[in-house]
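Asker: Please read through the structure below; I'll follow up with questions.
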Amino acid sequence: AQEIVRRRPEQLVLLHPPVPLGTWTLDYLGSIEIRQRIIRDVIIDIGASLARHGFRHLVVMNGHGGTGNIVAQEEACARLTRRHGMRAIAPVGRMIDSLFTGKYLERILAGLRERGGEVDACRLATDYHAGAVETSLMLHICPHLVTEGWRAFKPVQVERAALRPSSGKSEGEGLGYLGSPAAM
């Protein structure tokens, strides 16, 4: 929102309160699984209401990279664009795809080298959840939320085809990360 306002100060920006729902969650105590179509429908309902109030642009941001969650957002945005004349986008799916297909690899490695860190490029291909990338982001924006001892966490590598909702519990020490948080 700040970047939009910086680039287009005449643009009115509304930050909608977060909607703490997700689908395709990891199988952990406390994870609440919501059906994919519910996620899609909630976004459509919110977007349709905003469109009725005159909003013409919607950016759906997301903190959960579960495939079904991303698909639900993209489906909702496509429907809002078709039915309500709204320009609706959900960019996180494309960003995650770009990450896992290596499009950001050189930038990430250069950033790590600048900070004195080294990481095996092959490890980034399996850095799915709370690994080097997400640990880096959290250390930057909310370091107090990063678990003590993260530097000692051993890499947990799972090939993409072998990923399951239970992988965070069954792989490595079962601490929930899939990747290399200590590579930071």
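The way I read the labels, and the way they are meant: chains A, B, ... in the order of the structure tokens, residue 1 as the first residue of every chain, and ligand 1 as the first ligand shown, with later ones counted on from there.
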Find the residues around Leu15 in chain A up to 12 Å (only C-alpha atoms counted), leave out those fewer than 5 positions away in its own chain, and share them as a list in words.
Answerer: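 The residues satisfying every condition are Ala1, Gln2, Ile4, Val5, Leu50, Leu58, Val59, Val60 and Met61 of chain A.
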Asker: Where does DSSP see strand (DSSP E) in chain A, if you list the residues as a PDB file with N, CA and C atoms, in the first residue's frame?
Answerer:
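This is the output file result-v3.pdb:
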```pdb
ATOM      1  N   HIS A  57      -9.852  -1.544  -8.386  1.00  0.00           N
ATOM      2  CA  HIS A  57      -8.618  -2.333  -8.348  1.00  0.00           C
ATOM      3  C   HIS A  57      -8.572  -3.109  -7.034  1.00  0.00           C
ATOM      4  N   LEU A  58      -8.121  -4.349  -7.117  1.00  0.00           N
ATOM      5  CA  LEU A  58      -7.972  -5.175  -5.922  1.00  0.00           C
ATOM      6  C   LEU A  58      -6.685  -5.974  -6.040  1.00  0.00           C
ATOM      7  N   VAL A  59      -5.849  -5.874  -5.029  1.00  0.00           N
ATOM      8  CA  VAL A  59      -4.638  -6.689  -4.954  1.00  0.00           C
ATOM      9  C   VAL A  59      -4.819  -7.606  -3.752  1.00  0.00           C
ATOM     10  N   ARG A  87     -10.232  -4.685 -11.771  1.00  0.00           N
ATOM     11  CA  ARG A  87      -8.886  -5.207 -12.060  1.00  0.00           C
ATOM     12  C   ARG A  87      -8.406  -5.849 -10.777  1.00  0.00           C
ATOM     13  N   ALA A  88      -8.533  -7.179 -10.692  1.00  0.00           N
ATOM     14  CA  ALA A  88      -8.180  -7.918  -9.482  1.00  0.00           C
ATOM     15  C   ALA A  88      -7.002  -8.835  -9.780  1.00  0.00           C
ATOM     16  N   ILE A  89      -5.982  -8.762  -8.928  1.00  0.00           N
ATOM     17  CA  ILE A  89      -4.801  -9.617  -9.103  1.00  0.00           C
ATOM     18  C   ILE A  89      -4.398 -10.236  -7.776  1.00  0.00           C
TER      19      ILE A  89
END
```
Asker: Could you jot down the CA of Arg94 in chain A to CA of Ile39 in chain A separation for me, Å, one decimal place?
Answerer: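 Going from CA of Arg94 in chain A over to CA of Ile39 in chain A, I get 18.2 Å.
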Asker: Find the residues around Tyr177 in chain A up to 9 Å (only C-alpha atoms counted), leave out those fewer than 3 positions away in its own chain, and share them as a VMD selection string.
Answerer: chain A and resid 127 to 131 155 to 156 167 to 169 171 to 172 174 180 to 181
Asker: CA of Gly65 in chain A and CA of Ile96 in chain A, how far apart in Å?
Answerer: 7.3 Å
